[in-house]
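Content type mmCIF, C-alpha atoms and all ligand atoms, from the file query-v3.cif:
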```cif
data_run
loop_
_atom_site.label_atom_id
_atom_site.label_comp_id
_atom_site.auth_asym_id
_atom_site.auth_seq_id
_atom_site.Cartn_x
_atom_site.Cartn_y
_atom_site.Cartn_z
CA MET A 1 142.16 92.74 173.72
CA THR A 2 143.18 96.31 172.99
CA ALA A 3 144.36 96.82 169.45
CA GLN A 4 147.69 98.28 168.53
CA ILE A 5 147.44 101.32 166.30
CA LEU A 6 148.54 100.71 162.73
CA ASP A 7 150.28 104.04 162.22
CA GLY A 8 149.84 104.93 158.54
CA LYS A 9 151.60 108.24 158.94
CA ALA A 10 154.79 106.60 160.23
CA ILE A 11 154.70 103.75 157.70
CA ALA A 12 154.05 106.22 154.86
CA GLN A 13 157.15 108.10 155.96
CA LYS A 14 159.15 104.88 155.69
CA VAL A 15 157.75 104.28 152.18
CA ARG A 16 158.69 107.82 151.16
CA LEU A 17 162.27 107.27 152.31
CA GLU A 18 162.42 104.09 150.21
CA VAL A 19 161.02 105.97 147.21
CA ARG A 20 163.47 108.84 147.74
CA GLU A 21 166.42 106.43 147.43
CA GLY A 22 164.92 104.85 144.33
CA VAL A 23 164.36 108.29 142.80
CA ALA A 24 167.99 109.29 143.43
CA ARG A 25 169.22 106.12 141.75
CA PHE A 26 166.82 106.59 138.81
CA SER A 27 167.87 110.21 138.32
CA ALA A 28 171.57 109.36 138.38
CA ALA A 29 171.12 106.52 135.89
CA HIS A 30 168.80 108.29 133.46
CA GLY A 31 169.75 111.96 133.74
CA ARG A 32 166.26 113.02 134.71
CA PRO A 33 163.94 112.50 137.68
CA PRO A 34 160.69 110.54 137.46
CA GLY A 35 157.86 112.94 136.57
CA LEU A 36 154.32 113.05 137.94
CA ASP A 37 151.63 115.22 136.35
CA VAL A 38 148.37 115.80 138.22
CA LEU A 39 145.33 117.24 136.46
CA LEU A 40 142.71 119.05 138.52
CA VAL A 41 139.50 120.34 136.90
CA GLY A 42 137.58 122.88 138.98
CA GLU A 43 137.96 124.42 142.40
CA ASP A 44 136.56 121.84 144.84
CA PRO A 45 138.40 122.93 148.02
CA ALA A 46 139.21 119.38 149.22
CA SER A 47 140.53 118.44 145.76
CA VAL A 48 142.68 121.59 145.63
CA ILE A 49 144.28 120.64 148.96
CA TYR A 50 144.75 116.96 148.02
CA THR A 51 146.35 117.72 144.66
CA ARG A 52 148.67 120.34 146.20
CA ASN A 53 149.70 117.71 148.76
CA LYS A 54 150.47 115.26 145.96
CA GLU A 55 152.59 117.83 144.11
CA LYS A 56 154.46 118.72 147.32
CA ALA A 57 155.00 115.05 148.21
CA SER A 58 156.48 114.38 144.77
CA HIS A 59 158.99 117.22 145.23
CA GLU A 60 159.96 115.95 148.68
CA VAL A 61 161.17 112.64 147.23
CA GLY A 62 163.08 114.37 144.41
CA MET A 63 160.61 113.91 141.58
CA ARG A 64 159.52 116.42 138.98
CA GLY A 65 155.92 117.07 140.00
CA ARG A 66 153.45 119.37 138.29
CA LEU A 67 149.88 120.31 139.08
CA HIS A 68 147.81 121.42 136.07
CA ARG A 69 144.76 123.40 137.11
CA LEU A 70 141.90 123.61 134.61
CA SER A 71 138.79 125.72 135.03
CA ALA A 72 135.51 124.16 136.18
CA ASP A 73 133.95 124.65 132.71
CA THR A 74 136.69 122.71 130.88
CA THR A 75 135.19 120.50 128.15
CA GLU A 76 135.79 116.78 127.81
CA GLU A 77 137.64 117.41 124.54
CA GLU A 78 139.98 119.92 126.19
CA LEU A 79 140.79 117.51 129.00
CA LEU A 80 141.34 114.66 126.54
CA GLY A 81 143.71 116.94 124.60
CA LYS A 82 145.74 117.62 127.75
CA ILE A 83 145.95 113.91 128.49
CA ALA A 84 147.05 113.13 124.91
CA ALA A 85 149.89 115.65 125.23
CA LEU A 86 151.06 114.14 128.53
CA ASN A 87 150.82 110.62 127.08
CA THR A 88 153.40 111.50 124.39
CA ASP A 89 155.68 113.65 126.57
CA PRO A 90 158.72 111.47 127.42
CA SER A 91 159.43 113.41 130.66
CA VAL A 92 156.05 112.33 132.04
CA ASP A 93 155.99 108.98 133.85
CA GLY A 94 152.79 109.30 135.85
CA ILE A 95 149.46 110.94 135.03
CA LEU A 96 146.74 111.37 137.66
CA VAL A 97 143.36 112.94 136.89
CA GLN A 98 141.85 113.97 140.22
CA LEU A 99 138.35 112.66 140.85
CA PRO A 100 135.53 113.57 140.99
CA LEU A 101 135.27 115.40 137.65
CA PRO A 102 132.64 118.05 136.82
CA LYS A 103 129.44 116.60 135.38
CA GLN A 104 130.00 117.70 131.76
CA ILE A 105 132.95 115.29 131.64
CA ARG A 106 132.43 111.54 131.35
CA GLU A 107 134.77 109.88 133.81
CA ALA A 108 135.13 106.60 131.87
CA ARG A 109 136.23 108.38 128.68
CA VAL A 110 138.91 110.22 130.64
CA LEU A 111 140.23 107.19 132.53
CA ASP A 112 140.37 105.21 129.26
CA ALA A 113 142.45 107.97 127.63
CA VAL A 114 145.39 107.75 130.04
CA ASP A 115 148.28 105.63 128.72
CA PRO A 116 148.11 102.47 130.89
CA ALA A 117 151.90 102.64 131.31
CA LYS A 118 151.50 106.09 132.94
CA ASP A 119 148.32 105.29 134.87
CA VAL A 120 149.75 105.67 138.39
CA ASP A 121 146.22 105.52 139.88
CA GLY A 122 145.76 102.06 138.35
CA PHE A 123 142.26 103.06 137.20
CA HIS A 124 142.61 102.16 133.49
CA PRO A 125 140.64 99.03 132.55
CA VAL A 126 143.85 97.45 131.22
CA ASN A 127 145.46 97.75 134.65
CA ALA A 128 142.27 96.54 136.38
CA GLY A 129 142.22 93.54 134.02
CA LEU A 130 145.88 92.74 134.62
CA LEU A 131 145.28 92.83 138.37
CA ALA A 132 142.22 90.58 138.05
CA THR A 133 144.23 88.04 136.04
CA GLY A 134 147.16 88.00 138.45
CA ARG A 135 149.58 90.04 136.34
CA PRO A 136 149.59 93.32 138.22
CA ALA A 137 151.12 96.31 136.51
CA LEU A 138 150.04 99.56 138.17
CA VAL A 139 147.88 98.83 141.22
CA PRO A 140 145.44 101.38 142.73
CA CYS A 141 147.15 103.33 145.53
CA THR A 142 144.68 102.93 148.41
CA PRO A 143 144.43 99.11 148.21
CA LYS A 144 148.16 98.73 147.60
CA GLY A 145 148.92 100.98 150.58
CA SER A 146 146.45 98.99 152.68
CA MET A 147 148.27 95.76 151.77
CA ARG A 148 151.49 97.36 152.97
CA LEU A 149 149.78 98.20 156.28
CA LEU A 150 148.72 94.54 156.63
CA ALA A 151 152.30 93.44 155.94
CA GLU A 152 153.62 95.86 158.57
CA ALA A 153 151.14 94.41 161.10
CA GLY A 154 152.55 90.95 160.36
CA ALA A 155 149.21 89.70 159.04
CA HIS A 156 149.08 86.07 157.95
CA LEU A 157 146.88 86.31 154.88
CA ALA A 158 147.12 82.78 153.43
CA GLY A 159 143.95 80.95 154.39
CA ALA A 160 142.64 83.89 156.44
CA ARG A 161 139.06 85.09 156.11
CA ALA A 162 139.07 88.61 154.68
CA VAL A 163 135.96 90.72 154.37
CA VAL A 164 136.02 93.87 152.24
CA VAL A 165 133.00 96.13 152.71
CA GLY A 166 132.55 98.34 149.64
CA ARG A 167 132.72 97.40 145.96
CA SER A 168 134.09 100.50 144.24
CA ASN A 169 136.44 100.16 141.27
CA ILE A 170 139.06 102.26 143.05
CA VAL A 171 139.13 100.56 146.47
CA GLY A 172 136.84 97.60 147.18
CA LYS A 173 137.28 95.55 144.01
CA PRO A 174 141.06 95.92 143.70
CA MET A 175 141.47 95.33 147.47
CA ALA A 176 139.58 92.04 147.10
CA GLN A 177 141.85 91.08 144.17
CA LEU A 178 145.02 91.80 146.16
CA LEU A 179 143.81 89.80 149.18
CA LEU A 180 142.83 86.93 146.90
CA ALA A 181 146.25 86.98 145.25
CA ALA A 182 147.72 86.75 148.77
CA HIS A 183 145.66 83.55 149.29
CA ALA A 184 143.01 84.93 151.64
CA THR A 185 139.42 83.70 151.43
CA VAL A 186 137.72 86.89 150.35
CA THR A 187 134.17 88.10 150.80
CA LEU A 188 133.27 91.29 148.95
CA ALA A 189 130.37 92.77 150.91
CA HIS A 190 128.52 96.05 150.34
CA SER A 191 125.58 98.22 151.35
CA ARG A 192 123.06 95.62 150.12
CA THR A 193 124.67 92.67 151.88
CA ARG A 194 122.15 90.89 154.11
CA ASP A 195 123.16 90.80 157.80
CA LEU A 196 126.40 92.67 157.24
CA GLY A 197 127.21 92.34 160.96
CA ALA A 198 127.27 88.54 160.78
CA VAL A 199 129.50 88.66 157.70
CA CYS A 200 131.95 91.05 159.37
CA ARG A 201 132.11 88.91 162.53
CA GLU A 202 133.74 86.16 160.43
CA ALA A 203 136.59 88.41 159.35
CA ASP A 204 140.20 87.90 160.45
CA ILE A 205 140.96 90.86 158.17
CA LEU A 206 138.28 93.52 157.84
CA VAL A 207 138.58 96.34 155.29
CA ALA A 208 135.90 99.04 155.47
CA ALA A 209 135.51 101.19 152.36
CA VAL A 210 131.88 102.28 152.18
CA GLY A 211 131.88 105.95 153.13
CA ARG A 212 129.41 105.84 156.01
CA THR A 213 130.47 107.12 159.41
CA ARG A 214 130.66 104.38 162.06
CA LEU A 215 128.70 101.88 159.91
CA ILE A 216 130.95 99.13 161.27
CA GLN A 217 130.05 98.62 164.92
CA GLY A 218 132.32 97.40 167.69
CA ASP A 219 130.54 94.09 168.21
CA TRP A 220 130.97 93.28 164.49
CA ILE A 221 134.70 92.85 165.07
CA LYS A 222 136.06 89.34 165.64
CA ASP A 223 138.47 89.03 168.56
CA GLY A 224 142.00 89.66 167.31
CA ALA A 225 140.95 90.85 163.85
CA ILE A 226 143.02 93.36 161.88
CA VAL A 227 140.87 96.34 160.87
CA ILE A 228 141.72 98.65 157.96
CA ASP A 229 139.44 101.70 157.84
CA VAL A 230 139.45 103.35 154.41
CA GLY A 231 136.52 105.63 155.28
CA MET A 232 137.03 109.41 155.04
CA ASN A 233 133.79 110.96 156.14
CA ARG A 234 133.32 114.57 157.19
CA ASP A 235 131.29 114.85 160.41
CA ASP A 236 128.74 117.67 160.81
CA ASP A 237 131.40 119.58 162.76
CA GLY A 238 133.87 119.15 159.88
CA LYS A 239 135.93 116.48 161.63
CA LEU A 240 137.21 113.47 159.69
CA ALA A 241 135.70 110.11 160.70
CA GLY A 242 136.16 106.59 159.40
CA ASP A 243 133.63 103.85 158.57
CA VAL A 244 134.47 101.98 161.78
CA ASP A 245 133.40 102.84 165.34
CA PHE A 246 137.05 103.13 166.34
CA ASP A 247 136.77 103.20 170.15
CA ALA A 248 134.46 100.18 170.28
CA ALA A 249 136.43 98.23 167.66
CA ARG A 250 139.71 98.91 169.41
CA SER A 251 138.79 96.77 172.42
CA ARG A 252 138.44 93.70 170.18
CA ALA A 253 140.87 94.03 167.28
CA SER A 254 144.59 93.18 167.35
CA TRP A 255 145.47 96.06 165.00
CA ILE A 256 143.42 98.98 163.74
CA THR A 257 144.09 101.99 161.51
CA PRO A 258 143.09 105.45 162.78
CA VAL A 259 141.34 108.11 160.68
CA PRO A 260 143.09 110.42 159.99
CA GLY A 261 146.63 109.04 160.06
CA GLY A 262 145.90 105.56 158.68
CA VAL A 263 145.15 104.71 155.08
CA GLY A 264 145.15 108.34 153.78
CA PRO A 265 148.89 109.00 154.12
CA MET A 266 149.59 105.55 152.62
CA THR A 267 147.59 106.47 149.51
CA ILE A 268 149.91 109.39 148.76
CA ALA A 269 153.09 107.46 149.58
CA THR A 270 151.96 104.63 147.29
CA LEU A 271 151.26 107.12 144.49
CA LEU A 272 154.94 108.09 144.67
CA GLU A 273 155.92 104.43 144.68
CA ASN A 274 153.76 103.81 141.59
CA THR A 275 155.31 106.80 139.81
CA LEU A 276 158.82 105.43 140.42
CA HIS A 277 157.63 102.00 139.29
CA ALA A 278 156.12 103.46 136.10
CA ALA A 279 159.31 105.43 135.38
CA ARG A 280 161.47 102.31 135.75
CA ALA A 281 159.16 100.23 133.58
CA ARG A 282 159.11 102.91 130.88
CA VAL A 283 162.92 102.96 130.58
CA GLY A 284 162.98 99.15 130.54
CA ASP A 285 164.29 98.92 134.08
CA GLY A 286 161.31 97.64 135.96
N1 LIG B 301 142.49 110.23 140.72
C1 LIG B 301 142.37 110.25 142.04
N2 LIG B 301 143.25 109.56 142.80
C2 LIG B 301 143.16 109.57 144.16
O1 LIG B 301 143.96 108.91 144.85
C3 LIG B 301 142.13 110.36 144.77
C4 LIG B 301 141.26 111.07 143.93
N3 LIG B 301 141.40 110.99 142.59
N4 LIG B 301 140.26 111.81 144.45
C5 LIG B 301 140.09 111.97 145.87
C6 LIG B 301 140.63 110.80 146.64
C7 LIG B 301 140.91 111.09 148.10
N5 LIG B 301 142.32 110.83 148.30
C8 LIG B 301 142.99 111.03 149.51
C9 LIG B 301 144.30 110.69 149.70
C10 LIG B 301 144.95 110.95 150.89
C11 LIG B 301 144.29 111.54 151.94
C12 LIG B 301 145.00 111.83 153.20
O2 LIG B 301 146.21 111.89 153.25
N6 LIG B 301 144.27 112.04 154.32
C13 LIG B 301 144.87 112.38 155.62
C14 LIG B 301 144.23 113.57 156.29
C15 LIG B 301 143.43 114.48 155.42
C16 LIG B 301 142.66 115.54 156.14
O3 LIG B 301 142.89 115.80 157.34
O4 LIG B 301 141.79 116.13 155.48
C17 LIG B 301 144.71 111.22 156.58
O5 LIG B 301 143.85 110.38 156.36
O6 LIG B 301 145.43 111.19 157.57
C18 LIG B 301 142.97 111.86 151.78
C19 LIG B 301 142.32 111.60 150.58
C20 LIG B 301 142.86 110.48 147.11
N7 LIG B 301 141.96 110.45 146.13
#
```

In structure tokens, write the structure found in this file.
Amino acid sequence: MTAQILDGKAIAQKVRLEVREGVARFSAAHGRPPGLDVLLVGEDPASVIYTRNKEKASHEVGMRGRLHRLSADTTEEELLGKIAALNTDPSVDGILVQLPLPKQIREARVLDAVDPAKDVDGFHPVNAGLLATGRPALVPCTPKGSMRLLAEAGAHLAGARAVVVGRSNIVGKPMAQLLLAAHATVTLAHSRTRDLGAVCREADILVAAVGRTRLIQGDWIKDGAIVIDVGMNRDDDGKLAGDVDFDAARSRASWITPVPGGVGPMTIATLLENTLHAARARVGDG
């Protein structure tokens, strides 16, 4: 079998058009656009590019988007003060604090400080707990976007065997929760899983989110499996590579996401979707 490419760039474009229509309706009804505020601490070049892309994407769908750039030596108290101000500002619907943060700032304290109703990343423990108990509010963007990719591939999730490799709070764990809610039989595997290859070979749906280039080998892919590659690894030559050996996996899978052009663009499109969702919920319309 040769897999069809699950084109995240094209599907993200479709999501953005949907969001754009929702934003126009929201703005007409409420006299203001949904607002997204992104906080970036420091000058990490990749983070600067990513946060600029988020700001630009928000403008393209008609939102009010703002990037707040804070110096690398910002204190935890200063950042918490910024977040408190955004929490009480009624024109702000979504708050995103770009990760990673500099080492003088404790990540958990910052994530806990964001109003859960404005937590468009879905990283607040309240939102994680709601997801885990089947009452999703704001769902992390990468897993939610990956679920949309599975839907677009026509995946039958009920009763399917899904294997998620990677147990992070921002991708692996919430992805497992979403697949479970969709009635898949979910295995949450990770770097310490014994005989990871044998576990992956059982997967009808395989989600790779470990951050190791080509960890997932071609002969680990079950015939006809759908493969979602969340990996974003920089090669020695600066090229972006996924966690899956794409060329080898492609000859076995039914659908596979490329890197770049797969999950990445969906993450940003879903952030816009979450911001619209948060705005509607905040005005009692969601
Ligand atoms: N609070 C927070 N929320 C995040 O969502 C968050 C974060 N912090 N920190 C960093 C990671 C990374 N991330 C990406 C999103 C899209 C692409 C993306 O669009 N990638 C393109 C290409 C990028 C390229 O060529 O460099 C693609 O895969 O096709 C990449 C990376 C969001 N993150």

Residues contacting ligand LIG 301 (chain B) - anything with an atom at most 6 Å away, using all atoms listed in the file - can you give me those as a VMD selection string? chain A and resid 96 to 99 121 259 to 265 267 to 268

With C-alpha atoms retained, export the selected residues as an mmCIF file, in the coordinates of the input.
```cif
data_model
loop_
_atom_site.group_PDB
_atom_site.id
_atom_site.type_symbol
_atom_site.label_atom_id
_atom_site.label_comp_id
_atom_site.auth_asym_id
_atom_site.auth_seq_id
_atom_site.Cartn_x
_atom_site.Cartn_y
_atom_site.Cartn_z
ATOM 1 C CA LEU A 96 146.740 111.370 137.660
ATOM 2 C CA VAL A 97 143.360 112.940 136.890
ATOM 3 C CA GLN A 98 141.850 113.970 140.220
ATOM 4 C CA LEU A 99 138.350 112.660 140.850
ATOM 5 C CA ASP A 121 146.220 105.520 139.880
ATOM 6 C CA VAL A 259 141.340 108.110 160.680
ATOM 7 C CA PRO A 260 143.090 110.420 159.990
ATOM 8 C CA GLY A 261 146.630 109.040 160.060
ATOM 9 C CA GLY A 262 145.900 105.560 158.680
ATOM 10 C CA VAL A 263 145.150 104.710 155.080
ATOM 11 C CA GLY A 264 145.150 108.340 153.780
ATOM 12 C CA PRO A 265 148.890 109.000 154.120
ATOM 13 C CA THR A 267 147.590 106.470 149.510
ATOM 14 C CA ILE A 268 149.910 109.390 148.760
#
```

Place a sphere of radius 12 Å on (165.1, 110.8, 138.4) in the file coordinates and name every protein, DNA or RNA residue with an atom inside or on its surface, counting all atoms listed in the file; give the answer as JSON, numbers by chain. {"A": [19, 20, 21, 22, 23, 24, 25, 26, 27, 28, 29, 30, 31, 32, 33, 34, 35, 36, 58, 59, 61, 62, 63, 64, 65, 91, 92, 93, 275, 276, 277, 278, 279, 280, 283]}

For those residues, write C-alpha atoms to a file as a PDB file, keeping the file's coordinate frame.
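And here's result.pdb as it stands now:
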```
ATOM      1  CA  VAL A  19     161.020 105.970 147.210  1.00  0.00           C
ATOM      2  CA  ARG A  20     163.470 108.840 147.740  1.00  0.00           C
ATOM      3  CA  GLU A  21     166.420 106.430 147.430  1.00  0.00           C
ATOM      4  CA  GLY A  22     164.920 104.850 144.330  1.00  0.00           C
ATOM      5  CA  VAL A  23     164.360 108.290 142.800  1.00  0.00           C
ATOM      6  CA  ALA A  24     167.990 109.290 143.430  1.00  0.00           C
ATOM      7  CA  ARG A  25     169.220 106.120 141.750  1.00  0.00           C
ATOM      8  CA  PHE A  26     166.820 106.590 138.810  1.00  0.00           C
ATOM      9  CA  SER A  27     167.870 110.210 138.320  1.00  0.00           C
ATOM     10  CA  ALA A  28     171.570 109.360 138.380  1.00  0.00           C
ATOM     11  CA  ALA A  29     171.120 106.520 135.890  1.00  0.00           C
ATOM     12  CA  HIS A  30     168.800 108.290 133.460  1.00  0.00           C
ATOM     13  CA  GLY A  31     169.750 111.960 133.740  1.00  0.00           C
ATOM     14  CA  ARG A  32     166.260 113.020 134.710  1.00  0.00           C
ATOM     15  CA  PRO A  33     163.940 112.500 137.680  1.00  0.00           C
ATOM     16  CA  PRO A  34     160.690 110.540 137.460  1.00  0.00           C
ATOM     17  CA  GLY A  35     157.860 112.940 136.570  1.00  0.00           C
ATOM     18  CA  LEU A  36     154.320 113.050 137.940  1.00  0.00           C
ATOM     19  CA  SER A  58     156.480 114.380 144.770  1.00  0.00           C
ATOM     20  CA  HIS A  59     158.990 117.220 145.230  1.00  0.00           C
ATOM     21  CA  VAL A  61     161.170 112.640 147.230  1.00  0.00           C
ATOM     22  CA  GLY A  62     163.080 114.370 144.410  1.00  0.00           C
ATOM     23  CA  MET A  63     160.610 113.910 141.580  1.00  0.00           C
ATOM     24  CA  ARG A  64     159.520 116.420 138.980  1.00  0.00           C
ATOM     25  CA  GLY A  65     155.920 117.070 140.000  1.00  0.00           C
ATOM     26  CA  SER A  91     159.430 113.410 130.660  1.00  0.00           C
ATOM     27  CA  VAL A  92     156.050 112.330 132.040  1.00  0.00           C
ATOM     28  CA  ASP A  93     155.990 108.980 133.850  1.00  0.00           C
ATOM     29  CA  THR A 275     155.310 106.800 139.810  1.00  0.00           C
ATOM     30  CA  LEU A 276     158.820 105.430 140.420  1.00  0.00           C
ATOM     31  CA  HIS A 277     157.630 102.000 139.290  1.00  0.00           C
ATOM     32  CA  ALA A 278     156.120 103.460 136.100  1.00  0.00           C
ATOM     33  CA  ALA A 279     159.310 105.430 135.380  1.00  0.00           C
ATOM     34  CA  ARG A 280     161.470 102.310 135.750  1.00  0.00           C
ATOM     35  CA  VAL A 283     162.920 102.960 130.580  1.00  0.00           C
TER      36      VAL A 283
END
```

Fewer than 3 positions away in the same chain doesn't count, so skip those; otherwise give me all residues within 8 Å of A:Ala113, counting only C-alpha atoms, as a ChimeraX atom specification. /A:80,83-84,109-110

Taking into account all atoms listed in the file, which residue in the set A:Gly242, A:Gly284, A:Gly166, A:Pro174 is nearest to A:Ser191? A:Gly166

Give me, as a PyMOL selection string, all polymer residues having an atom no more than 9 Å from A:Met147, counting only C-alpha atoms and skipping those fewer than 5 positions away in the same chain. chain A and resi 142+152+175+178-179

Quick one: residues within 10 Å of A:Lys103, only C-alpha atoms counted, chain neighbours fewer than 4 positions away excluded, as a VMD selection string? chain A and resid 72 to 73 76 107

Residues of stretch 227-258 of chain A at most 12 Å from stretch 194-201 of chain A: nearest atom pair and distance in Å, only C-alpha atoms, as a tab-separated table:
```
residue	atom	partner	partner_atom	distance
A:Val227	CA	A:Cys200	CA	10.5
A:Val244	CA	A:Cys200	CA	11.5
A:Ala249	CA	A:Arg201	CA	11.5
A:Arg252	CA	A:Arg201	CA	11.0
A:Ala253	CA	A:Arg201	CA	11.2
```

So how many Å separate atom CA of A:Leu67 and atom CA of A:Glu55, to one decimal? 6.2 Å

Find the distance between atom CA of A:Trp255 and atom CA of A:Asp223 and write it in Å to one decimal. 10.5 Å

Work out how far atom CA of A:Asp119 is from atom CA of A:Ile205, in Å to one decimal.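 We find that atom CA of A:Ile205 and atom CA of A:Asp119 lie 28.4 Å from each other.
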
Between A:Ile49, A:Met1, A:Val41, A:Val210, smallest distance to A:Gly231 by only C-alpha atoms belongs to A:Val210

Counting only C-alpha atoms, the residue of A:Ala10, A:Ala208, A:Leu79, A:Ala182 that sits nearest A:Met232: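 Of the candidates, the smallest distance to A:Met232 is held by A:Ala208.
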
At a cut-off of 10 Å around the point (127.8, 98.6, 161.5) (file coordinates), what residues fall inside when counting all atoms listed in the file? I'd like the answer as a list in words. Asp195, Leu196, Gly197, Cys200, Arg212, Thr213, Arg214, Leu215, Ile216, Gln217, Gly218, Asp219, Trp220, Ile221, Asp243, Val244 and Asp245 of chain A

Best match for closeness to A:Gly134 among A:His183, A:Lys54, A:Arg192, A:Arg161, counting all atoms listed in the file: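 For A:Gly134, the nearest of the candidates is A:His183.
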
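Residue nearest A:Ala241 within the list A:Gly42, A:Thr257, A:Asp89, A:Ala128: A:Thr257 [criterion: smallest interatomic distance, only C-alpha atoms].
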
Taking only C-alpha atoms into account, name the residue in A:Gly81, A:Ala181, A:Ala153, A:Ala108 that is nearest to A:Pro136.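 Looking at the shortest contact to A:Pro136, the residue is A:Ala181.
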
Set up a box along x, y and z of the file covering all listed atoms of stretch 190-201 of chain A, add 8 Å on every one of the six sides, and write the centre and edge lengths in Å to one decimal, as lines of an AutoDock Vina configuration file.
```
center_x = 127.1
center_y = 93.4
center_z = 156.3
size_x = 26.0
size_y = 25.7
size_z = 28.4
```
